[in-house]
Amino acid sequence: MPKGNCFLFLGPEFGEKQDAVEAIRGNIRKQFGSSPEETSFYAGETAVTDMVSILRNGSLFADARLFFIKNAELLKKKDDLELLAAYMNSPQDDTTAIFISDNTSLDKTLEKAAGKDGKRVFWELFENKKTEWVANFFRREGFRISEEGIEAILELIENNTDSLKRECSRLMLFLGKDTVVGEAEVEKWLSHTREESAFTLFSRIAQGDLNRSVEILHTLLAAKETPTAILGVTAWCFRKLRDYLALTANGIPDDFEFKKIGLASIKARKDYAAAGRCYGVTGADACLSLTADFDMRIRSGGTGFESILMDQYLCKIIRKEF
């Protein structure tokens, strides 16, 4: 008889994490003979009692179920943790639950319930490994790329293999295999075609670039990104800024220490260094308070005011009008 499972998938390496999730989907299809019914919960948005109730109840329409509990680092209340741990110790036979977080650890109650075999940490690649990854990716596709080209790619793309794979594949659409891909080609095509995200918005906020920040914001809104989702990522970035400032308070740490807080890439460190110089610890806390305030205002107001409120938010946070 099939047995239910619970996993903790932690760490900042999104690409390898997605590969592991896909492997679990494949195992479920092989075991049950059909694809699982999938559901996502977000810690802080769905009550844990509701999560566990749904996990305990079977599906009327599918033989197997796959649940994702995202932002799992926000699970902190003792009663919630004990309720989840009780479920993890005796999961439903047709159900796989995956707790997902960019952090590298969760509350010990959850980690103990998952056991050593149930926890996986997906670390970002070290700089030398990323260089090797990009070089091998181009080589497998029949392209040649220079060291300068690789460095330019790593400066422009978010530090995970999923983003690298997507953007390098996009770049290849514009290139011929008869030339060596260099910095000029990367700058020409990637800087103009890469997708904007709430993370690239934070990068512009860190630089104090109001005009570009507003442009990126409206690109995201036009692509149907919700203001609350954008603010959620921004809040995450400012919490990460506090980690960065605490880590660098007594000097520049080594690469491994940066990697432990999810900042292995040089590009990410430059962004957080710029944000640190701009805001400092007190400013980071003020930015988090301001972000929470605008999140509440947007949730309680009508959709007709969302764009105006987001413009106001960027003006205040970049001008430090706390």
# chains A, B, ... in the order shown; residues from 1 in each chain; ligands from 1

call {"tool": "residues_around", "arguments": {"residues": "Val180 of chain A", "least_positions_apart": "5", "cutoff": "9 Å", "atoms": "only C-alpha atoms", "output": "ChimeraX atom specification"}}
result
/A:143-146,149

call {"tool": "closest_atom_pairs", "arguments": {"of": "segment 260-281 of chain A", "to": "segment 154-178 of chain A", "cutoff": "9 Å", "atoms": "only C-alpha atoms", "output": "JSON lines"}}
result
{"residue": "A:Leu263", "atom": "CA", "partner": "A:Asn159", "partner_atom": "CA", "distance": 8.4}
{"residue": "A:Ala264", "atom": "CA", "partner": "A:Asn159", "partner_atom": "CA", "distance": 7.6}
{"residue": "A:Ser265", "atom": "CA", "partner": "A:Asn159", "partner_atom": "CA", "distance": 5.9}
{"residue": "A:Ile266", "atom": "CA", "partner": "A:Glu155", "partner_atom": "CA", "distance": 7.3}
{"residue": "A:Lys267", "atom": "CA", "partner": "A:Glu155", "partner_atom": "CA", "distance": 5.4}
{"residue": "A:Ala268", "atom": "CA", "partner": "A:Asn159", "partner_atom": "CA", "distance": 7.7}

call {"tool": "write_last_selection", "arguments": {"atoms": "N, CA and C atoms", "output": "PDB file, in the first residue's frame"}}
result
ATOM      1  N   LEU A 263      23.265  34.525  -0.283  1.00  0.00           N
ATOM      2  CA  LEU A 263      23.848  35.595  -1.098  1.00  0.00           C
ATOM      3  C   LEU A 263      25.195  35.146  -1.658  1.00  0.00           C
ATOM      4  N   ALA A 264      25.166  34.096  -2.456  1.00  0.00           N
ATOM      5  CA  ALA A 264      26.421  33.592  -3.023  1.00  0.00           C
ATOM      6  C   ALA A 264      26.889  34.415  -4.217  1.00  0.00           C
ATOM      7  N   SER A 265      25.954  35.019  -4.958  1.00  0.00           N
ATOM      8  CA  SER A 265      26.348  35.704  -6.191  1.00  0.00           C
ATOM      9  C   SER A 265      26.927  37.092  -5.919  1.00  0.00           C
ATOM     10  N   ILE A 266      27.876  37.486  -6.754  1.00  0.00           N
ATOM     11  CA  ILE A 266      28.477  38.813  -6.641  1.00  0.00           C
ATOM     12  C   ILE A 266      27.432  39.888  -6.890  1.00  0.00           C
ATOM     13  N   LYS A 267      26.532  39.649  -7.857  1.00  0.00           N
ATOM     14  CA  LYS A 267      25.480  40.620  -8.165  1.00  0.00           C
ATOM     15  C   LYS A 267      24.591  40.875  -6.948  1.00  0.00           C
ATOM     16  N   ALA A 268      24.174  39.793  -6.274  1.00  0.00           N
ATOM     17  CA  ALA A 268      23.315  39.944  -5.095  1.00  0.00           C
ATOM     18  C   ALA A 268      24.045  40.716  -3.999  1.00  0.00           C
TER      19      ALA A 268
END

call {"tool": "atom_distance", "arguments": {"atom1": "atom CA of Phe99 of chain A", "atom2": "atom CA of Phe67 of chain A"}}
result
8.4 Å

call {"tool": "residues_around", "arguments": {"residues": "segment 111-114 of chain A", "least_positions_apart": "5", "cutoff": "12 Å", "atoms": "only C-alpha atoms", "output": "short mmCIF file (atom, residue, chain, number, x, y, z; two decimals) with N, CA and C atoms, in the first residue's frame"}}
result
data_model
loop_
_atom_site.label_atom_id
_atom_site.label_comp_id
_atom_site.auth_asym_id
_atom_site.auth_seq_id
_atom_site.Cartn_x
_atom_site.Cartn_y
_atom_site.Cartn_z
N ASN A 5 4.10 10.91 2.43
CA ASN A 5 5.43 11.45 2.70
C ASN A 5 5.35 12.94 3.03
N CYS A 6 6.33 13.41 3.80
CA CYS A 6 6.49 14.83 4.08
C CYS A 6 7.96 15.19 3.92
N PHE A 7 8.22 16.28 3.20
CA PHE A 7 9.59 16.70 2.95
C PHE A 7 9.76 18.18 3.29
N LEU A 8 10.98 18.54 3.66
CA LEU A 8 11.37 19.94 3.79
C LEU A 8 12.35 20.24 2.67
N PHE A 9 11.98 21.11 1.75
CA PHE A 9 12.86 21.53 0.66
C PHE A 9 13.27 22.97 0.95
N LEU A 10 14.52 23.13 1.36
CA LEU A 10 14.98 24.42 1.85
C LEU A 10 16.13 24.96 0.99
N ALA A 72 7.57 28.51 4.45
CA ALA A 72 7.46 27.70 5.67
C ALA A 72 8.25 28.28 6.83
N GLU A 73 9.17 29.19 6.56
CA GLU A 73 9.93 29.81 7.65
C GLU A 73 9.03 30.66 8.56
N LEU A 75 6.26 29.66 9.84
CA LEU A 75 5.58 28.78 10.79
C LEU A 75 6.34 28.79 12.11
N LEU A 81 2.96 24.40 15.09
CA LEU A 81 4.07 23.48 14.85
C LEU A 81 3.75 22.08 15.36
N GLU A 82 3.14 22.00 16.54
CA GLU A 82 2.79 20.69 17.09
C GLU A 82 1.72 20.00 16.24
N LEU A 83 0.77 20.77 15.73
CA LEU A 83 -0.28 20.20 14.88
C LEU A 83 0.31 19.66 13.58
N LEU A 84 1.21 20.43 12.97
CA LEU A 84 1.86 19.98 11.74
C LEU A 84 2.75 18.76 11.99
N ALA A 85 3.49 18.79 13.11
CA ALA A 85 4.37 17.66 13.42
C ALA A 85 3.56 16.38 13.63
N ALA A 86 2.39 16.51 14.28
CA ALA A 86 1.53 15.33 14.48
C ALA A 86 1.08 14.75 13.14
N TYR A 87 0.76 15.65 12.19
CA TYR A 87 0.40 15.16 10.85
C TYR A 87 1.60 14.50 10.17
N MET A 88 2.77 15.13 10.24
CA MET A 88 3.97 14.62 9.58
C MET A 88 4.36 13.24 10.11
N ASN A 89 4.07 12.98 11.38
CA ASN A 89 4.38 11.67 11.96
C ASN A 89 3.41 10.59 11.50
N SER A 90 2.26 11.00 10.94
CA SER A 90 1.27 10.04 10.46
C SER A 90 0.52 10.61 9.27
N PRO A 91 1.22 10.78 8.13
CA PRO A 91 0.58 11.42 6.96
C PRO A 91 -0.42 10.50 6.27
N ALA A 97 3.39 15.94 1.13
CA ALA A 97 3.44 17.35 1.50
C ALA A 97 4.89 17.83 1.48
N ILE A 98 5.13 18.96 0.83
CA ILE A 98 6.48 19.52 0.73
C ILE A 98 6.47 20.92 1.33
N PHE A 99 7.24 21.11 2.39
CA PHE A 99 7.41 22.42 3.01
C PHE A 99 8.55 23.13 2.28
N THR A 104 17.59 28.09 5.14
CA THR A 104 18.27 26.79 5.15
C THR A 104 17.88 25.95 6.36
N SER A 105 17.01 26.47 7.22
CA SER A 105 16.52 25.69 8.35
C SER A 105 15.13 26.17 8.73
N LEU A 106 14.35 25.29 9.37
CA LEU A 106 13.04 25.64 9.89
C LEU A 106 13.02 25.34 11.38
N LYS A 119 14.68 16.03 4.98
CA LYS A 119 15.14 17.42 4.82
C LYS A 119 16.22 17.50 3.76
N ARG A 120 16.03 18.41 2.79
CA ARG A 120 17.06 18.67 1.79
C ARG A 120 17.29 20.18 1.69
N VAL A 121 18.55 20.56 1.69
CA VAL A 121 18.91 21.98 1.54
C VAL A 121 19.54 22.16 0.17
#

call {"tool": "select_by_dssp", "arguments": {"residues": "segment 74-304 of chain A", "states": "helix (DSSP H, G or I)", "output": "VMD selection string"}}
result
chain A and resid 74 78 to 89 108 to 114 116 to 118 127 to 140 147 to 156 161 to 172 183 to 193 198 to 207 210 to 222 227 to 248 255 to 260 266 to 300 303 to 304

call {"tool": "closest_residue", "arguments": {"among": "A:Thr179, A:Ser289, A:Asn128, A:Ser34", "to": "Asp255 of chain A", "atoms": "only C-alpha atoms"}}
result
A:Asn128

call {"tool": "residues_around", "arguments": {"residues": "Ile24 of chain A", "least_positions_apart": "3", "cutoff": "12 Å", "atoms": "only C-alpha atoms", "output": "number ranges by chain"}}
result
A: 5-7, 9, 17-21, 27-31, 35-36, 64-67, 95-98

call {"tool": "residues_around", "arguments": {"residues": "segment 51-56 of chain A", "least_positions_apart": "4", "cutoff": "7 Å", "atoms": "only C-alpha atoms", "output": "NGL selection string"}}
result
:A and (46-47 or 84 or 92)

call {"tool": "write_last_selection", "arguments": {"atoms": "C-alpha atoms", "output": "PDB file, in the first residue's frame"}}
result
ATOM      1  CA  THR A  46      -3.919  29.960   5.351  1.00  0.00           C
ATOM      2  CA  ALA A  47      -4.573  28.882   8.955  1.00  0.00           C
ATOM      3  CA  LEU A  84       1.857  19.979  11.741  1.00  0.00           C
ATOM      4  CA  GLN A  92      -2.283  10.331   4.718  1.00  0.00           C
TER       5      GLN A  92
END

call {"tool": "closest_residue", "arguments": {"among": "A:Arg297, A:Leu210, A:Asp117, A:Lys270", "to": "Leu314 of chain A", "atoms": "only C-alpha atoms"}}
result
A:Leu210

call {"tool": "select_by_dssp", "arguments": {"residues": "segment 39-210 of chain A", "states": "strand (DSSP E)", "output": "PyMOL selection string"}}
result
chain A and resi 39-42+65-70+95-101+119-121+144-145+180-181

call {"tool": "write_last_selection", "arguments": {"atoms": "C-alpha atoms", "output": "PDB file, in the first residue's frame"}}
result
ATOM      1  CA  THR A  39      -2.518  22.355  -3.971  1.00  0.00           C
ATOM      2  CA  SER A  40      -0.379  25.224  -2.640  1.00  0.00           C
ATOM      3  CA  PHE A  41      -0.658  26.830   0.788  1.00  0.00           C
ATOM      4  CA  TYR A  42       1.168  29.973   1.909  1.00  0.00           C
ATOM      5  CA  ARG A  65      -2.334  14.463  -3.831  1.00  0.00           C
ATOM      6  CA  LEU A  66       0.709  16.746  -3.723  1.00  0.00           C
ATOM      7  CA  PHE A  67       0.703  19.726  -1.353  1.00  0.00           C
ATOM      8  CA  PHE A  68       3.171  22.632  -1.222  1.00  0.00           C
ATOM      9  CA  ILE A  69       3.420  24.654   1.995  1.00  0.00           C
ATOM     10  CA  LYS A  70       5.366  27.740   0.914  1.00  0.00           C
ATOM     11  CA  THR A  95      -0.628  12.464   0.164  1.00  0.00           C
ATOM     12  CA  THR A  96       2.826  14.033  -0.228  1.00  0.00           C
ATOM     13  CA  ALA A  97       3.441  17.354   1.504  1.00  0.00           C
ATOM     14  CA  ILE A  98       6.478  19.520   0.734  1.00  0.00           C
ATOM     15  CA  PHE A  99       7.410  22.424   3.006  1.00  0.00           C
ATOM     16  CA  ILE A 100       9.279  25.031   0.949  1.00  0.00           C
ATOM     17  CA  SER A 101      11.487  27.891   2.122  1.00  0.00           C
ATOM     18  CA  LYS A 119      15.135  17.421   4.816  1.00  0.00           C
ATOM     19  CA  ARG A 120      17.058  18.671   1.786  1.00  0.00           C
ATOM     20  CA  VAL A 121      18.914  21.979   1.541  1.00  0.00           C
ATOM     21  CA  ARG A 144      31.351  28.892 -27.720  1.00  0.00           C
ATOM     22  CA  ILE A 145      31.444  31.537 -24.999  1.00  0.00           C
ATOM     23  CA  VAL A 180      32.250  33.267 -29.824  1.00  0.00           C
ATOM     24  CA  VAL A 181      29.665  34.707 -27.415  1.00  0.00           C
TER      25      VAL A 181
END

call {"tool": "closest_residue", "arguments": {"among": "A:Phe294, A:Ala184, A:Leu217, A:Phe126", "to": "Asp254 of chain A", "atoms": "only C-alpha atoms"}}
result
A:Phe126

call {"tool": "closest_residue", "arguments": {"among": "A:Ala23, A:Leu241, A:Ile318, A:Leu231", "to": "Asp293 of chain A", "atoms": "only C-alpha atoms"}}
result
A:Leu231

call {"tool": "closest_residue", "arguments": {"among": "A:Ala286, A:Ala152, A:Leu125, A:Leu74", "to": "Gly15 of chain A", "atoms": "only C-alpha atoms"}}
result
A:Leu125
